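Colleague: Please find one structure pasted underneath; my questions will follow.
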Amino acid sequence: MSAPSEVKLSRNRDYRLLWSGQVVSEAGFSTTTIAFPLLVLAITGSAAQSGLVLGAIAIAQLVAGLPAGALVDRWSRKRIMLGCEAVQALGAASLVLALWWGVAGVAQLVVVAVLMGLCRALFEPAEEASLPRLVSTEQVPSAVALNAARTSAGQLSGTALGGFLFALGRLVPFVFDVVAHVVAFVSLVFVRLPARPEPAEERPPAHLGREIAEGLRWVWHQPRVRVTAVCAIVLNLFFAAYYLVIIVLANERGVPPGEIGVMAAMLGAGGIAGALAAPYLHRRFTPYALIIGVFWGLTLLTPLAVFVRGGYLMGLLFAAMAFLAPAANTTINTYQLLYTPDELRGRLGGVMGVTGGLAAALGPALGGWLVDLLPDSAAVLTCAGAIAAVTVLTTFSRTLRGFPAVADLEEETLNPKES
């Protein structure tokens, strides 16, 4: 097999297998997450229990995030990914059988949801940590961006497909999910993931708590990792809050529900387009210029919602903002991955997964609190002001200004400096 650096990303057999299998897996997962609340409502009629089942996925993923990152650095990453696909396929198959026999209940749905959350907590850092071993250093930004586009496309297609399949039959979405994870499992079997390097020095006996603490210390004591992590968290937190504020604002202005749905779809489409454009932007601009440019772009765009009327124009605003975010996220994720030694990449993914998940959960809550507390325009301007304040701080960050070129990071990874 040719080394990753000798193969174009589009011709990298192993990356293509991993990516294509996960396109199907993402669609299956999104189909199931839409079908879950519909199924609970059909069985119990309880919206609260529907929320319980969906919440179980997010809670399990958050709780398991830090331990999962440590286990990813301890175990075979390919075996982790294979195990996660197998467990998700078996969980969905158990629901198919329970529905076929007429014995499905909320308790089983919660158990399957927890398993899904645990598998995602393990799979995501395992896949992310494996990227630098599947592709060359120069190709990491493109791989990170394509993975983001894949996730967005899977979510959009799965969300649309879930309702349609559920209308055909209660068990049909879960049959699709079983097939999706089996396809992903088979694709992964044929992925040739290069062996990880042996540690330079003898490691102490495995201890999960100590390994988690080591990962947290790494993130905290590396200025570049710490600063980029804060950028990503703040970006996702306020974007999630802003999203809810705008949806409420559109509803109160009398925008029809159909147009609000189009707004959400335009947001997703903007995110996919932005992820596809991110590698090009990453090559054209320095990391500092790209991250700061995205923040300044969002700072200028967010207040416009006060003046924009109509769902379609609001959707265009959403699409423009969603287009910008992947460029910053791609640069941030690329530098975090390449700057972090291989033996700590799983824990980096675990830390970023937990903090990102918390930001995603707290963002809508913050947006709802702002809407309840402030008039519509004031809530929008508060979000805009918060983003502007962070933009100013990041603009003067000496750490961001000193980011090196991607090609220089491999040497620094061998001898990282602590602050």
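Each chain of the structure tokens is named A, B, ... in the order shown, its residues numbered from 1; ligands are numbered from 1 in display order.
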Tell me, as a VMD selection string, which residues lie within 7 Å of Ala305 in chain A, counting only C-alpha atoms; anything in the same chain fewer than 3 positions away does not count.
Modeller: chain A and resid 302 308 314
Colleague: Range 74-79 of chain A: which residues within 8 Å, counting only C-alpha atoms, same-chain residues fewer than 5 positions away excluded, as a PyMOL selection string?
Modeller: chain A and resi 126-127+130+188+193
Colleague: Would you mind listing, for every residue of range 332-361 of chain A within 12 Å of range 397-403 of chain A, the two atoms forming the shortest contact and the distance between them in Å to one decimal, using only C-alpha atoms, sorted by chain and ascending residue number, as CSV?
Modeller:
```
residue,atom,partner,partner_atom,distance
A:Ile332,CA,A:Leu400,CA,10.4
A:Thr334,CA,A:Phe403,CA,11.9
A:Tyr335,CA,A:Phe403,CA,8.7
A:Gln336,CA,A:Phe403,CA,11.2
A:Tyr339,CA,A:Phe403,CA,10.7
```
Colleague: Those selected residues, please, written with N, CA, C and O atoms and delivered as a CSV table (one decimal), in the first residue's frame.
Modeller:
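Output below, filename again_37.csv:
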```csv
chain,number,residue,atom,x,y,z
A,332,ILE,N,-9.4,24.9,13.2
A,332,ILE,CA,-9.2,24.6,14.6
A,332,ILE,C,-9.0,23.1,14.8
A,332,ILE,O,-8.0,22.7,15.4
A,334,THR,N,-8.0,20.9,12.6
A,334,THR,CA,-6.7,20.4,12.0
A,334,THR,C,-5.5,20.7,12.8
A,334,THR,O,-4.7,19.8,13.1
A,335,TYR,N,-5.5,21.9,13.4
A,335,TYR,CA,-4.3,22.3,14.2
A,335,TYR,C,-4.3,21.5,15.5
A,335,TYR,O,-3.3,21.1,16.0
A,336,GLN,N,-5.5,21.3,16.1
A,336,GLN,CA,-5.5,20.5,17.3
A,336,GLN,C,-5.0,19.1,17.1
A,336,GLN,O,-4.3,18.5,17.9
A,339,TYR,N,-1.2,19.0,16.1
A,339,TYR,CA,-0.3,19.5,17.2
A,339,TYR,C,-0.3,18.5,18.4
A,339,TYR,O,0.7,18.5,19.2
```
Colleague: With a cut-off of 6 Å, could you pull out the residues of range 142-228 of chain A touching range 85-97 of chain A and give me the nearest pair of atoms for each, distance in Å to one decimal, using only C-alpha atoms, ordered by chain and ascending number, as a tab-separated table?
Modeller:
```
residue	atom	partner	partner_atom	distance
A:Leu171	CA	A:Val96	CA	5.4
A:Phe174	CA	A:Ala92	CA	5.6
A:Val178	CA	A:Ala89	CA	4.6
A:His181	CA	A:Ala89	CA	5.3
A:Phe185	CA	A:Glu85	CA	5.6
```
Colleague: List the spatial neighbours of range 319-330 of chain A as a CSV table (one decimal) with C-alpha atoms, in the first residue's frame - criterion: any atom at most 8 Å away, only C-alpha atoms, same-chain residues fewer than 3 positions off excluded.
Modeller:
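Contents of result20.csv, freshly written:
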```csv
chain,number,residue,atom,x,y,z
A,141,PRO,CA,-7.8,19.8,6.5
A,144,VAL,CA,-11.7,17.1,8.5
A,145,ALA,CA,-13.9,19.3,6.2
A,148,ALA,CA,-18.1,17.7,8.6
A,232,ALA,CA,-14.7,26.5,19.0
A,235,LEU,CA,-18.6,29.9,18.4
A,266,MET,CA,-30.9,26.6,4.2
A,267,LEU,CA,-28.9,26.6,7.4
A,268,GLY,CA,-28.0,22.9,6.8
A,269,ALA,CA,-27.2,23.6,3.1
A,270,GLY,CA,-25.0,26.5,4.0
A,271,GLY,CA,-23.1,24.3,6.4
A,272,ILE,CA,-22.5,21.6,3.8
A,273,ALA,CA,-21.3,24.2,1.2
A,274,GLY,CA,-19.1,25.8,3.9
A,275,ALA,CA,-17.5,22.4,4.7
A,277,ALA,CA,-15.2,25.2,0.6
A,278,ALA,CA,-13.2,25.0,3.9
A,279,PRO,CA,-10.2,23.1,2.4
A,281,LEU,CA,-10.1,28.6,2.2
A,282,HIS,CA,-7.6,26.8,4.5
A,290,LEU,CA,-9.2,32.5,8.6
A,291,ILE,CA,-10.3,32.2,12.2
A,294,VAL,CA,-14.9,34.0,10.3
A,297,GLY,CA,-17.9,37.9,9.4
A,298,LEU,CA,-20.3,36.5,12.0
A,301,LEU,CA,-23.9,39.3,10.0
A,315,GLY,CA,-32.8,31.7,5.6
A,316,LEU,CA,-30.2,33.4,3.3
A,333,ASN,CA,-9.7,20.8,14.3
A,334,THR,CA,-6.7,20.4,12.0
```
Colleague: What is the CA of Thr32 in chain A-CA of Gly346 in chain A distance in Å, reported with one decimal?
Modeller: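 We find that CA of Thr32 in chain A and CA of Gly346 in chain A lie 26.5 Å from each other.
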Colleague: With 9 Å as the cut-off and only C-alpha atoms counted, what is the closest atom pair between each nearby residue of range 225-313 of chain A and range 348-361 of chain A? Distances in Å to one decimal, ordered by chain and number, as a tab-separated table.
Modeller:
```
residue	atom	partner	partner_atom	distance
A:Ala229	CA	A:Met352	CA	7.1
A:Ala232	CA	A:Gly356	CA	7.7
A:Ile233	CA	A:Gly356	CA	5.8
A:Val234	CA	A:Ala359	CA	7.6
A:Leu235	CA	A:Ala359	CA	8.9
A:Asn236	CA	A:Ala359	CA	6.2
A:Leu237	CA	A:Ala359	CA	4.6
A:Phe238	CA	A:Ala359	CA	8.3
A:Phe239	CA	A:Ala360	CA	8.9
A:Ala240	CA	A:Ala360	CA	6.3
A:Ala241	CA	A:Ala360	CA	8.7
```
Colleague: Quick one: pull the distance between CA of Ile43 in chain A and CA of Gly117 in chain A, Å, one decimal.
Modeller: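 Interatomic distance, CA of Ile43 in chain A to CA of Gly117 in chain A: 22.3 Å.
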Colleague: Go through A:Leu39, A:Ala27, A:Gly258, A:Gln61 one by one, measure the shortest atom-to-atom distance of each to Gly311 in chain A using only C-alpha atoms, and give the residue with the smallest value.
Modeller: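 Under the stated criterion, the closest residue is A:Gly258.
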Colleague: Compile the contact shell of Leu216 in chain A as a ChimeraX atom specification: residues with an atom at most 9 Å away, counting only C-alpha atoms, same-chain residues fewer than 3 positions apart removed.
Modeller: /A:66,211-213,219-221,347-348,351
Colleague: Could you turn the residues from that selection into a file that holds N, CA, C and O atoms, as a PDB file, in the first residue's frame?
Modeller:
```pdb
ATOM      1  N   LEU A  66     -15.274  11.784  28.398  1.00  0.00           N
ATOM      2  CA  LEU A  66     -13.884  11.791  28.869  1.00  0.00           C
ATOM      3  C   LEU A  66     -13.318  10.383  29.028  1.00  0.00           C
ATOM      4  O   LEU A  66     -12.204  10.110  28.550  1.00  0.00           O
ATOM      5  N   GLU A 211      -5.353   8.658  33.258  1.00  0.00           N
ATOM      6  CA  GLU A 211      -5.292   8.924  31.821  1.00  0.00           C
ATOM      7  C   GLU A 211      -6.213  10.081  31.435  1.00  0.00           C
ATOM      8  O   GLU A 211      -5.867  10.919  30.588  1.00  0.00           O
ATOM      9  N   ILE A 212      -7.391  10.136  32.039  1.00  0.00           N
ATOM     10  CA  ILE A 212      -8.306  11.260  31.785  1.00  0.00           C
ATOM     11  C   ILE A 212      -7.663  12.568  32.239  1.00  0.00           C
ATOM     12  O   ILE A 212      -7.684  13.575  31.524  1.00  0.00           O
ATOM     13  N   ALA A 213      -7.071  12.555  33.452  1.00  0.00           N
ATOM     14  CA  ALA A 213      -6.425  13.754  33.974  1.00  0.00           C
ATOM     15  C   ALA A 213      -5.271  14.193  33.080  1.00  0.00           C
ATOM     16  O   ALA A 213      -5.057  15.395  32.857  1.00  0.00           O
ATOM     17  N   VAL A 219      -4.664  19.506  27.284  1.00  0.00           N
ATOM     18  CA  VAL A 219      -5.464  20.559  26.660  1.00  0.00           C
ATOM     19  C   VAL A 219      -5.232  21.891  27.365  1.00  0.00           C
ATOM     20  O   VAL A 219      -5.087  22.933  26.717  1.00  0.00           O
ATOM     21  N   TRP A 220      -5.168  21.870  28.684  1.00  0.00           N
ATOM     22  CA  TRP A 220      -5.052  23.119  29.442  1.00  0.00           C
ATOM     23  C   TRP A 220      -3.670  23.750  29.311  1.00  0.00           C
ATOM     24  O   TRP A 220      -3.541  24.974  29.242  1.00  0.00           O
ATOM     25  N   HIS A 221      -2.625  22.936  29.256  1.00  0.00           N
ATOM     26  CA  HIS A 221      -1.262  23.475  29.287  1.00  0.00           C
ATOM     27  C   HIS A 221      -0.690  23.775  27.899  1.00  0.00           C
ATOM     28  O   HIS A 221       0.428  24.284  27.804  1.00  0.00           O
ATOM     29  N   ARG A 347      -7.976  11.374  23.734  1.00  0.00           N
ATOM     30  CA  ARG A 347      -8.395  12.202  24.870  1.00  0.00           C
ATOM     31  C   ARG A 347      -8.701  13.633  24.445  1.00  0.00           C
ATOM     32  O   ARG A 347      -9.619  14.263  24.975  1.00  0.00           O
ATOM     33  N   LEU A 348      -7.962  14.150  23.461  1.00  0.00           N
ATOM     34  CA  LEU A 348      -8.316  15.452  22.896  1.00  0.00           C
ATOM     35  C   LEU A 348      -9.741  15.407  22.335  1.00  0.00           C
ATOM     36  O   LEU A 348     -10.548  16.300  22.603  1.00  0.00           O
ATOM     37  N   VAL A 351     -12.292  15.368  25.212  1.00  0.00           N
ATOM     38  CA  VAL A 351     -12.465  16.684  25.838  1.00  0.00           C
ATOM     39  C   VAL A 351     -13.273  17.617  24.937  1.00  0.00           C
ATOM     40  O   VAL A 351     -14.217  18.279  25.383  1.00  0.00           O
TER      41      VAL A 351
END
```
Colleague: Report, in Å with one decimal, the straight-line distance from CA of Thr159 in chain A to CA of Gly21 in chain A.
Modeller: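 So the answer is 18.1 Å.
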Colleague: Residues of range 216-282 of chain A that have any atom at most 7 Å from an atom of range 367-370 of chain A: could you tabulate them with the shortest-distance atom pair and the distance in Å to one decimal, using only C-alpha atoms, ordered by chain and increasing number, as JSON lines?
Modeller:
```
{"residue": "A:Ala241", "atom": "CA", "partner": "A:Gly367", "partner_atom": "CA", "distance": 4.0}
{"residue": "A:Tyr242", "atom": "CA", "partner": "A:Gly367", "partner_atom": "CA", "distance": 6.2}
{"residue": "A:Leu244", "atom": "CA", "partner": "A:Gly367", "partner_atom": "CA", "distance": 5.6}
{"residue": "A:Val245", "atom": "CA", "partner": "A:Gly367", "partner_atom": "CA", "distance": 5.4}
```
Colleague: With only C-alpha atoms as the basis for distance, which of A:Ala104, A:Glu252, A:Trp296, A:Ile260 is at the shortest distance from Thr394 in chain A?
Modeller: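 Among the listed residues, A:Trp296 lies closest to Thr394 in chain A.
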Colleague: Which of these residues is nearest to Pro303 in chain A, using only C-alpha atoms: A:Thr228, A:Ile387, A:Pro132, A:Cys119?
Modeller: A:Ile387
Colleague: In terms of the shortest atom-to-atom distance over only C-alpha atoms, which of A:Leu54, A:Ala68, A:Leu366, A:Val24 is closest to Gly215 in chain A?
Modeller: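 Result for the nearest residue to Gly215 in chain A: A:Ala68.
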